[in-house]
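Chemist: This is the structure I want to talk about, given as structure tokens.
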Amino acid sequence: MEKEFAALAAKALELIADGSRIGLGSGRTAEAFLQALGKRVGQGLRIRAVATSDTIAAHAGRMGIPIDSLDSPQPLDVTIDGADEVEKTSLNLIKGWGGAMVRERIVAAASRRQIIIVTENKLVDRLGARGKLPVEVVPFAAPFCRRRIEQLSMGGGIKPVLRGSPDHPYVTDNGNWILDCAVRPLNDPLSLDRAIRAIPGVVDTGFFFGSAAVVLVAHGETIQELQGASV
Ligand code: A5P
């Protein structure tokens, strides 16, 4: 994947103007962008950034990229992030396999545009095709949320599994846990999202509807540009 990541990073860098404030996504693809961005900053590009995870904030800091909080009322110019699934026709997404979807959603919402960078294996005909929907939950509520999600009729029998192990659950940057829900290609992801969010204790799901302005897809080193409806 290294060549694909490098090609995506180079294309995304073309969209970063000197002086911009940008959101930094999480995951391997977004990290490849961060590496390329860090090099540019070393060569004199002036940017400021808000990170979507503590890991990315630490990496960016080591590269000399100034990291901000969300204190400023001004929107970020753009967020560059990865995704786990991109539905070809709608550009709706599933994110969160890396566990950072809560801050990814917040930073995307604080940005004028979210640009998604993915390799072609992430493109799907219908959300759910790669089989996993992460749901972030308050630890106290985890067993309750798991049972309630299992009982949902839509989605055809979703099986939530606690990420990590019962003794050592994976803990998000927000101090929460993640239920990874085994799913199949979904007929009505919007209704499923609404039903899961209605369960007390659920903090967020991995669904992102209508947030991507542009999706850059690497087919080898060739980059395809898909425009979202919001552009
Ligand atoms: C992090 O929570 C995720 O949303 C990532 O953006 C997503 O998992 C893509 O990660 P990779 O680039 O590592 O596949």
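Residues are referred to by chain and number: the chain letter is A, B, ... according to the order shown in the structure tokens, the number counts from 1 in that chain, and ligands are numbered separately from 1 in the order shown.
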From a backbone DSSP assignment, name each residue in region 1-221 of chain A labelled strand (DSSP E or B), as a count of residues only.
Modeler: 60
Chemist: Could you please extract the residues within 6 Å of ligand 1, counting only C-alpha atoms and all ligand atoms, and hand them back as JSON, numbers by chain?
Modeler: {"A": [26, 27, 28, 29, 30, 81, 82, 83, 84, 95, 96, 97, 98, 99, 100, 101]}
Chemist: Please produce an output containing all heavy atoms for each residue in the selection, written as a compact mmCIF listing (two decimals), in the first residue's frame.
Modeler:
# COMPACT_ATOMS: atom_id res chain seq x y z
N SER A 26 -7.09 10.29 11.40
CA SER A 26 -6.34 9.20 12.03
C SER A 26 -6.36 7.96 11.13
O SER A 26 -7.20 7.84 10.25
CB SER A 26 -6.97 8.87 13.39
OG SER A 26 -6.86 9.97 14.25
N GLY A 27 -5.44 7.05 11.40
CA GLY A 27 -5.34 5.83 10.60
C GLY A 27 -4.09 5.89 9.70
O GLY A 27 -3.44 6.92 9.60
N ARG A 28 -3.82 4.75 9.04
CA ARG A 28 -2.57 4.64 8.27
C ARG A 28 -2.54 5.58 7.08
O ARG A 28 -1.51 6.18 6.76
CB ARG A 28 -2.38 3.20 7.76
CG ARG A 28 -2.00 2.20 8.84
CD ARG A 28 -2.14 0.80 8.30
NE ARG A 28 -3.44 0.65 7.66
CZ ARG A 28 -3.69 -0.17 6.62
NH1 ARG A 28 -2.74 -0.91 6.13
NH2 ARG A 28 -4.91 -0.24 6.11
N THR A 29 -3.66 5.74 6.41
CA THR A 29 -3.70 6.59 5.21
C THR A 29 -3.51 8.06 5.62
O THR A 29 -2.73 8.79 5.00
CB THR A 29 -5.03 6.40 4.46
OG1 THR A 29 -5.43 5.04 4.55
CG2 THR A 29 -4.89 6.79 3.02
N ALA A 30 -4.22 8.45 6.67
CA ALA A 30 -4.08 9.83 7.15
C ALA A 30 -2.68 10.08 7.69
O ALA A 30 -2.13 11.19 7.56
CB ALA A 30 -5.13 10.10 8.23
N ASP A 81 -8.82 13.00 5.94
CA ASP A 81 -9.00 11.83 6.80
C ASP A 81 -9.16 10.58 5.93
O ASP A 81 -9.47 10.67 4.74
CB ASP A 81 -10.24 12.03 7.68
CG ASP A 81 -10.22 11.18 8.94
OD1 ASP A 81 -9.36 10.30 9.06
OD2 ASP A 81 -11.07 11.41 9.82
N GLY A 82 -9.00 9.41 6.54
CA GLY A 82 -9.23 8.14 5.86
C GLY A 82 -10.65 7.66 6.12
O GLY A 82 -11.46 8.36 6.73
N ALA A 83 -10.96 6.47 5.68
CA ALA A 83 -12.27 5.86 5.95
C ALA A 83 -12.12 4.36 5.79
O ALA A 83 -11.18 3.87 5.17
CB ALA A 83 -13.33 6.39 4.99
N ASP A 84 -13.07 3.64 6.37
CA ASP A 84 -13.05 2.18 6.27
C ASP A 84 -13.95 1.67 5.17
O ASP A 84 -13.71 0.62 4.61
CB ASP A 84 -13.43 1.58 7.63
CG ASP A 84 -12.47 2.09 8.69
OD1 ASP A 84 -11.28 1.80 8.58
OD2 ASP A 84 -12.91 2.83 9.58
N LYS A 95 -16.52 4.77 9.36
CA LYS A 95 -15.21 5.06 9.94
C LYS A 95 -15.13 4.44 11.32
O LYS A 95 -16.12 3.92 11.84
CB LYS A 95 -15.00 6.58 10.02
CG LYS A 95 -14.83 7.21 8.64
CD LYS A 95 -14.74 8.73 8.66
CE LYS A 95 -13.64 9.28 9.50
NZ LYS A 95 -12.31 8.76 9.18
N GLY A 96 -13.95 4.51 11.91
CA GLY A 96 -13.83 4.10 13.31
C GLY A 96 -13.18 2.76 13.54
O GLY A 96 -13.05 2.35 14.69
N TRP A 97 -12.73 2.10 12.46
CA TRP A 97 -12.00 0.85 12.71
C TRP A 97 -10.74 1.14 13.54
O TRP A 97 -10.27 0.28 14.27
CB TRP A 97 -11.63 0.15 11.39
CG TRP A 97 -12.79 -0.47 10.65
CD1 TRP A 97 -14.11 -0.11 10.73
CD2 TRP A 97 -12.72 -1.54 9.72
NE1 TRP A 97 -14.87 -0.91 9.89
CE2 TRP A 97 -14.04 -1.79 9.25
CE3 TRP A 97 -11.69 -2.33 9.20
CZ2 TRP A 97 -14.34 -2.78 8.31
CZ3 TRP A 97 -11.98 -3.31 8.26
CH2 TRP A 97 -13.30 -3.54 7.83
N GLY A 98 -10.25 2.36 13.40
CA GLY A 98 -9.08 2.77 14.20
C GLY A 98 -9.48 3.37 15.55
O GLY A 98 -8.62 3.75 16.34
N GLY A 99 -10.78 3.50 15.80
CA GLY A 99 -11.25 3.91 17.12
C GLY A 99 -11.34 5.41 17.34
O GLY A 99 -11.57 5.85 18.47
N ALA A 100 -11.20 6.22 16.28
CA ALA A 100 -11.13 7.68 16.49
C ALA A 100 -12.35 8.42 15.97
O ALA A 100 -12.32 9.64 15.82
CB ALA A 100 -9.86 8.22 15.83
N MET A 101 -13.47 7.71 15.74
CA MET A 101 -14.55 8.36 14.98
C MET A 101 -15.22 9.54 15.69
O MET A 101 -15.73 10.44 15.04
CB MET A 101 -15.60 7.35 14.51
CG MET A 101 -16.52 6.79 15.54
SD MET A 101 -15.78 5.32 16.24
CE MET A 101 -17.23 4.49 16.90
Chemist: Show me a table, sorted first by chain and then by increasing residue number, of the residues of region 66-180 of chain A having an atom at most 7 Å from region 35-55 of chain A, each with its shortest atom pair and the distance in Å to one decimal, counting only C-alpha atoms and written as JSON lines.
Modeler:
{"residue": "A:Pro66", "atom": "CA", "partner": "A:Arg48", "partner_atom": "CA", "distance": 5.2}
{"residue": "A:Ile67", "atom": "CA", "partner": "A:Ala49", "partner_atom": "CA", "distance": 5.0}
{"residue": "A:Asp68", "atom": "CA", "partner": "A:Val50", "partner_atom": "CA", "distance": 5.2}
{"residue": "A:Ser69", "atom": "CA", "partner": "A:Val50", "partner_atom": "CA", "distance": 6.1}
{"residue": "A:Ala100", "atom": "CA", "partner": "A:Ser53", "partner_atom": "CA", "distance": 6.2}
{"residue": "A:Arg103", "atom": "CA", "partner": "A:Thr52", "partner_atom": "CA", "distance": 5.0}
{"residue": "A:Glu104", "atom": "CA", "partner": "A:Thr52", "partner_atom": "CA", "distance": 5.2}
{"residue": "A:Val107", "atom": "CA", "partner": "A:Thr52", "partner_atom": "CA", "distance": 6.6}
{"residue": "A:Asp173", "atom": "CA", "partner": "A:Ser53", "partner_atom": "CA", "distance": 6.8}
Chemist: Hey, can you spit out that residue selection with all heavy atoms as a JSON list (two decimals), in the first residue's frame?
Modeler:
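Now in again-v1.json:
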[["chain", "number", "residue", "atom", "x", "y", "z"],
["A", 66, "PRO", "N", 2.25, 22.92, 14.45],
["A", 66, "PRO", "CA", 1.57, 23.48, 15.62],
["A", 66, "PRO", "C", 0.16, 22.93, 15.75],
["A", 66, "PRO", "O", -0.61, 22.95, 14.79],
["A", 66, "PRO", "CB", 1.52, 24.99, 15.35],
["A", 66, "PRO", "CG", 2.24, 25.21, 14.07],
["A", 66, "PRO", "CD", 2.49, 23.91, 13.39],
["A", 67, "ILE", "N", -0.14, 22.38, 16.94],
["A", 67, "ILE", "CA", -1.44, 21.76, 17.18],
["A", 67, "ILE", "C", -2.32, 22.67, 18.04],
["A", 67, "ILE", "O", -1.89, 23.12, 19.10],
["A", 67, "ILE", "CB", -1.26, 20.39, 17.89],
["A", 67, "ILE", "CG1", -0.58, 19.40, 16.94],
["A", 67, "ILE", "CG2", -2.58, 19.83, 18.37],
["A", 67, "ILE", "CD1", -1.40, 19.02, 15.73],
["A", 68, "ASP", "N", -3.52, 22.92, 17.54],
["A", 68, "ASP", "CA", -4.49, 23.78, 18.24],
["A", 68, "ASP", "C", -5.60, 22.95, 18.85],
["A", 68, "ASP", "O", -5.82, 21.80, 18.47],
["A", 68, "ASP", "CB", -5.14, 24.75, 17.24],
["A", 68, "ASP", "CG", -4.16, 25.80, 16.75],
["A", 68, "ASP", "OD1", -3.12, 26.01, 17.42],
["A", 68, "ASP", "OD2", -4.42, 26.41, 15.69],
["A", 69, "SER", "N", -6.34, 23.57, 19.77],
["A", 69, "SER", "CA", -7.60, 23.01, 20.25],
["A", 69, "SER", "C", -8.72, 23.55, 19.34],
["A", 69, "SER", "O", -8.43, 24.16, 18.31],
["A", 69, "SER", "CB", -7.85, 23.45, 21.69],
["A", 69, "SER", "OG", -8.01, 24.86, 21.68],
["A", 100, "ALA", "N", -11.20, 6.22, 16.28],
["A", 100, "ALA", "CA", -11.13, 7.68, 16.49],
["A", 100, "ALA", "C", -12.35, 8.42, 15.97],
["A", 100, "ALA", "O", -12.32, 9.64, 15.82],
["A", 100, "ALA", "CB", -9.86, 8.22, 15.83],
["A", 103, "ARG", "N", -13.86, 11.98, 17.59],
["A", 103, "ARG", "CA", -13.12, 13.22, 17.31],
["A", 103, "ARG", "C", -13.06, 13.49, 15.81],
["A", 103, "ARG", "O", -13.02, 14.64, 15.37],
["A", 103, "ARG", "CB", -11.72, 13.17, 17.93],
["A", 103, "ARG", "CG", -11.80, 13.12, 19.44],
["A", 103, "ARG", "CD", -10.47, 13.34, 20.10],
["A", 103, "ARG", "NE", -10.55, 13.06, 21.52],
["A", 103, "ARG", "CZ", -9.59, 13.27, 22.38],
["A", 103, "ARG", "NH1", -8.43, 13.77, 21.97],
["A", 103, "ARG", "NH2", -9.76, 12.98, 23.67],
["A", 104, "GLU", "N", -13.05, 12.41, 15.01],
["A", 104, "GLU", "CA", -13.07, 12.61, 13.54],
["A", 104, "GLU", "C", -14.35, 13.34, 13.12],
["A", 104, "GLU", "O", -14.32, 14.20, 12.25],
["A", 104, "GLU", "CB", -12.94, 11.26, 12.82],
["A", 104, "GLU", "CG", -11.55, 10.68, 12.97],
["A", 104, "GLU", "CD", -11.40, 9.27, 12.41],
["A", 104, "GLU", "OE1", -12.41, 8.57, 12.24],
["A", 104, "GLU", "OE2", -10.25, 8.88, 12.16],
["A", 107, "VAL", "N", -14.07, 17.08, 14.40],
["A", 107, "VAL", "CA", -13.14, 17.90, 13.61],
["A", 107, "VAL", "C", -13.69, 18.13, 12.20],
["A", 107, "VAL", "O", -13.57, 19.23, 11.64],
["A", 107, "VAL", "CB", -11.73, 17.26, 13.60],
["A", 107, "VAL", "CG1", -10.79, 18.02, 12.66],
["A", 107, "VAL", "CG2", -11.15, 17.25, 15.02],
["A", 173, "ASP", "N", -9.80, 7.62, 23.06],
["A", 173, "ASP", "CA", -9.23, 8.86, 23.62],
["A", 173, "ASP", "C", -10.23, 9.58, 24.51],
["A", 173, "ASP", "O", -9.85, 10.46, 25.28],
["A", 173, "ASP", "CB", -8.81, 9.81, 22.48],
["A", 173, "ASP", "CG", -7.53, 9.34, 21.78],
["A", 173, "ASP", "OD1", -6.85, 8.44, 22.30],
["A", 173, "ASP", "OD2", -7.23, 9.90, 20.71]]
Chemist: Determine which residues of region 30-222 of chain A DSSP labels as alpha helix (DSSP H) from the backbone of this structure, then write them out as a ChimeraX atom specification.
Modeler: /A:30-42,54-62,101-109,142-151,189-197
Chemist: So that I can see what lies close to region 112-121 of chain A, please list as a short mmCIF file (atom, residue, chain, number, x, y, z; two decimals) with all heavy atoms, in the first residue's frame the residues with an atom at most 7 Å from it, counting only C-alpha atoms and leaving out residues fewer than 4 positions away in the same chain.
Modeler:
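Written output follows (part_22.cif):
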data_model
loop_
_atom_site.label_atom_id
_atom_site.label_comp_id
_atom_site.auth_asym_id
_atom_site.auth_seq_id
_atom_site.Cartn_x
_atom_site.Cartn_y
_atom_site.Cartn_z
N GLU A 4 0.43 3.60 -2.98
CA GLU A 4 -0.91 4.19 -3.00
C GLU A 4 -1.01 5.32 -1.97
O GLU A 4 -1.52 6.40 -2.27
CB GLU A 4 -1.98 3.13 -2.68
CG GLU A 4 -2.29 2.18 -3.81
CD GLU A 4 -1.39 0.96 -3.78
OE1 GLU A 4 -0.32 0.99 -3.12
OE2 GLU A 4 -1.76 -0.03 -4.43
N LEU A 8 -1.75 9.27 -2.73
CA LEU A 8 -2.87 9.97 -2.09
C LEU A 8 -2.38 11.19 -1.32
O LEU A 8 -2.98 12.27 -1.38
CB LEU A 8 -3.60 9.02 -1.12
CG LEU A 8 -4.52 7.98 -1.76
CD1 LEU A 8 -4.90 6.91 -0.74
CD2 LEU A 8 -5.78 8.64 -2.33
N THR A 29 -3.66 5.74 6.41
CA THR A 29 -3.70 6.59 5.21
C THR A 29 -3.51 8.06 5.62
O THR A 29 -2.73 8.79 5.00
CB THR A 29 -5.03 6.40 4.46
OG1 THR A 29 -5.43 5.04 4.55
CG2 THR A 29 -4.89 6.79 3.02
N PRO A 75 -13.92 28.34 11.33
CA PRO A 75 -13.82 26.94 10.90
C PRO A 75 -12.42 26.61 10.37
O PRO A 75 -11.72 27.50 9.86
CB PRO A 75 -14.85 26.85 9.77
CG PRO A 75 -15.16 28.23 9.36
CD PRO A 75 -14.85 29.13 10.52
N LEU A 76 -12.05 25.34 10.49
CA LEU A 76 -10.82 24.87 9.84
C LEU A 76 -11.06 24.90 8.33
O LEU A 76 -12.19 24.75 7.89
CB LEU A 76 -10.51 23.44 10.29
CG LEU A 76 -10.27 23.26 11.79
CD1 LEU A 76 -10.30 21.79 12.17
CD2 LEU A 76 -8.94 23.88 12.18
N ASP A 77 -9.99 25.09 7.56
CA ASP A 77 -10.17 25.16 6.10
C ASP A 77 -10.55 23.80 5.54
O ASP A 77 -11.43 23.69 4.68
CB ASP A 77 -8.88 25.67 5.45
CG ASP A 77 -8.63 27.12 5.84
OD1 ASP A 77 -9.42 27.98 5.43
OD2 ASP A 77 -7.68 27.38 6.60
N VAL A 78 -9.89 22.76 6.00
CA VAL A 78 -10.15 21.43 5.43
C VAL A 78 -9.66 20.36 6.42
O VAL A 78 -8.72 20.60 7.18
CB VAL A 78 -9.41 21.29 4.07
CG1 VAL A 78 -7.91 21.38 4.21
CG2 VAL A 78 -9.79 20.01 3.35
N THR A 79 -10.34 19.22 6.42
CA THR A 79 -9.85 18.05 7.15
C THR A 79 -9.52 16.95 6.15
O THR A 79 -10.32 16.68 5.25
CB THR A 79 -10.90 17.55 8.17
OG1 THR A 79 -10.93 18.45 9.27
CG2 THR A 79 -10.56 16.17 8.69
N ILE A 80 -8.36 16.36 6.30
CA ILE A 80 -7.97 15.22 5.46
C ILE A 80 -8.01 13.97 6.33
O ILE A 80 -7.32 13.90 7.35
CB ILE A 80 -6.53 15.40 4.90
CG1 ILE A 80 -6.34 16.77 4.23
CG2 ILE A 80 -6.17 14.23 3.97
CD1 ILE A 80 -6.98 16.94 2.90
N ASP A 81 -8.82 13.00 5.94
CA ASP A 81 -9.00 11.83 6.80
C ASP A 81 -9.16 10.58 5.93
O ASP A 81 -9.47 10.67 4.74
CB ASP A 81 -10.24 12.03 7.68
CG ASP A 81 -10.22 11.18 8.94
OD1 ASP A 81 -9.36 10.30 9.06
OD2 ASP A 81 -11.07 11.41 9.82
N GLY A 82 -9.00 9.41 6.54
CA GLY A 82 -9.23 8.14 5.86
C GLY A 82 -10.65 7.66 6.12
O GLY A 82 -11.46 8.36 6.73
N ALA A 83 -10.96 6.47 5.68
CA ALA A 83 -12.27 5.86 5.95
C ALA A 83 -12.12 4.36 5.79
O ALA A 83 -11.18 3.87 5.17
CB ALA A 83 -13.33 6.39 4.99
N ALA A 108 -14.34 17.11 11.64
CA ALA A 108 -14.96 17.29 10.30
C ALA A 108 -16.04 18.37 10.37
O ALA A 108 -16.14 19.22 9.49
CB ALA A 108 -15.55 15.97 9.81
N SER A 211 -20.92 13.77 4.78
CA SER A 211 -19.86 14.65 5.31
C SER A 211 -18.70 14.83 4.33
O SER A 211 -18.05 15.87 4.34
CB SER A 211 -19.36 14.15 6.66
OG SER A 211 -18.47 13.08 6.52
N ALA A 212 -18.45 13.86 3.45
CA ALA A 212 -17.29 13.96 2.55
C ALA A 212 -17.60 14.90 1.38
O ALA A 212 -18.55 14.67 0.63
CB ALA A 212 -16.91 12.58 2.02
N ALA A 213 -16.80 15.95 1.24
CA ALA A 213 -16.95 16.85 0.08
C ALA A 213 -16.29 16.21 -1.14
O ALA A 213 -16.79 16.32 -2.26
CB ALA A 213 -16.31 18.19 0.38
N VAL A 214 -15.16 15.57 -0.91
CA VAL A 214 -14.40 14.93 -1.98
C VAL A 214 -13.81 13.63 -1.43
O VAL A 214 -13.41 13.59 -0.27
CB VAL A 214 -13.23 15.85 -2.44
CG1 VAL A 214 -12.35 15.15 -3.47
CG2 VAL A 214 -13.76 17.17 -3.00
N VAL A 215 -13.81 12.59 -2.26
CA VAL A 215 -13.10 11.36 -1.90
C VAL A 215 -12.02 11.12 -2.96
O VAL A 215 -12.33 11.09 -4.16
CB VAL A 215 -14.05 10.15 -1.81
CG1 VAL A 215 -13.26 8.88 -1.52
CG2 VAL A 215 -15.12 10.37 -0.75
N LEU A 216 -10.78 11.00 -2.51
CA LEU A 216 -9.68 10.66 -3.43
C LEU A 216 -9.43 9.16 -3.28
O LEU A 216 -9.21 8.67 -2.16
CB LEU A 216 -8.43 11.44 -3.07
CG LEU A 216 -8.54 12.98 -3.10
CD1 LEU A 216 -7.23 13.62 -2.64
CD2 LEU A 216 -8.92 13.46 -4.50
N VAL A 217 -9.49 8.45 -4.40
CA VAL A 217 -9.35 6.99 -4.37
C VAL A 217 -8.09 6.59 -5.13
O VAL A 217 -7.92 6.99 -6.30
CB VAL A 217 -10.56 6.30 -5.04
CG1 VAL A 217 -10.46 4.79 -4.86
CG2 VAL A 217 -11.86 6.83 -4.48
N ALA A 218 -7.22 5.82 -4.50
CA ALA A 218 -6.00 5.35 -5.18
C ALA A 218 -6.28 4.02 -5.85
O ALA A 218 -6.64 3.04 -5.19
CB ALA A 218 -4.86 5.22 -4.17
N HIS A 219 -6.14 3.99 -7.19
CA HIS A 219 -6.14 2.74 -7.94
C HIS A 219 -4.67 2.57 -8.32
O HIS A 219 -4.21 3.18 -9.30
CB HIS A 219 -7.01 2.84 -9.19
CG HIS A 219 -8.43 3.23 -8.90
ND1 HIS A 219 -9.41 2.31 -8.58
CD2 HIS A 219 -9.04 4.43 -8.86
CE1 HIS A 219 -10.56 2.94 -8.38
NE2 HIS A 219 -10.36 4.23 -8.53
#
Chemist: Would you mind telling me which residue in A:Val161, A:Val202, A:Leu24, A:Ala110 lies nearest to Cys145 (chain A) when using only C-alpha atoms?
Modeler: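 That would be A:Val202, the residue with the smallest distance to Cys145 (chain A).
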Chemist: Have a look at CA of Ile94 (chain A) and CA of Pro189 (chain A) and let me know their distance in Å, one decimal.
Modeler: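 The value is 10.1 Å.
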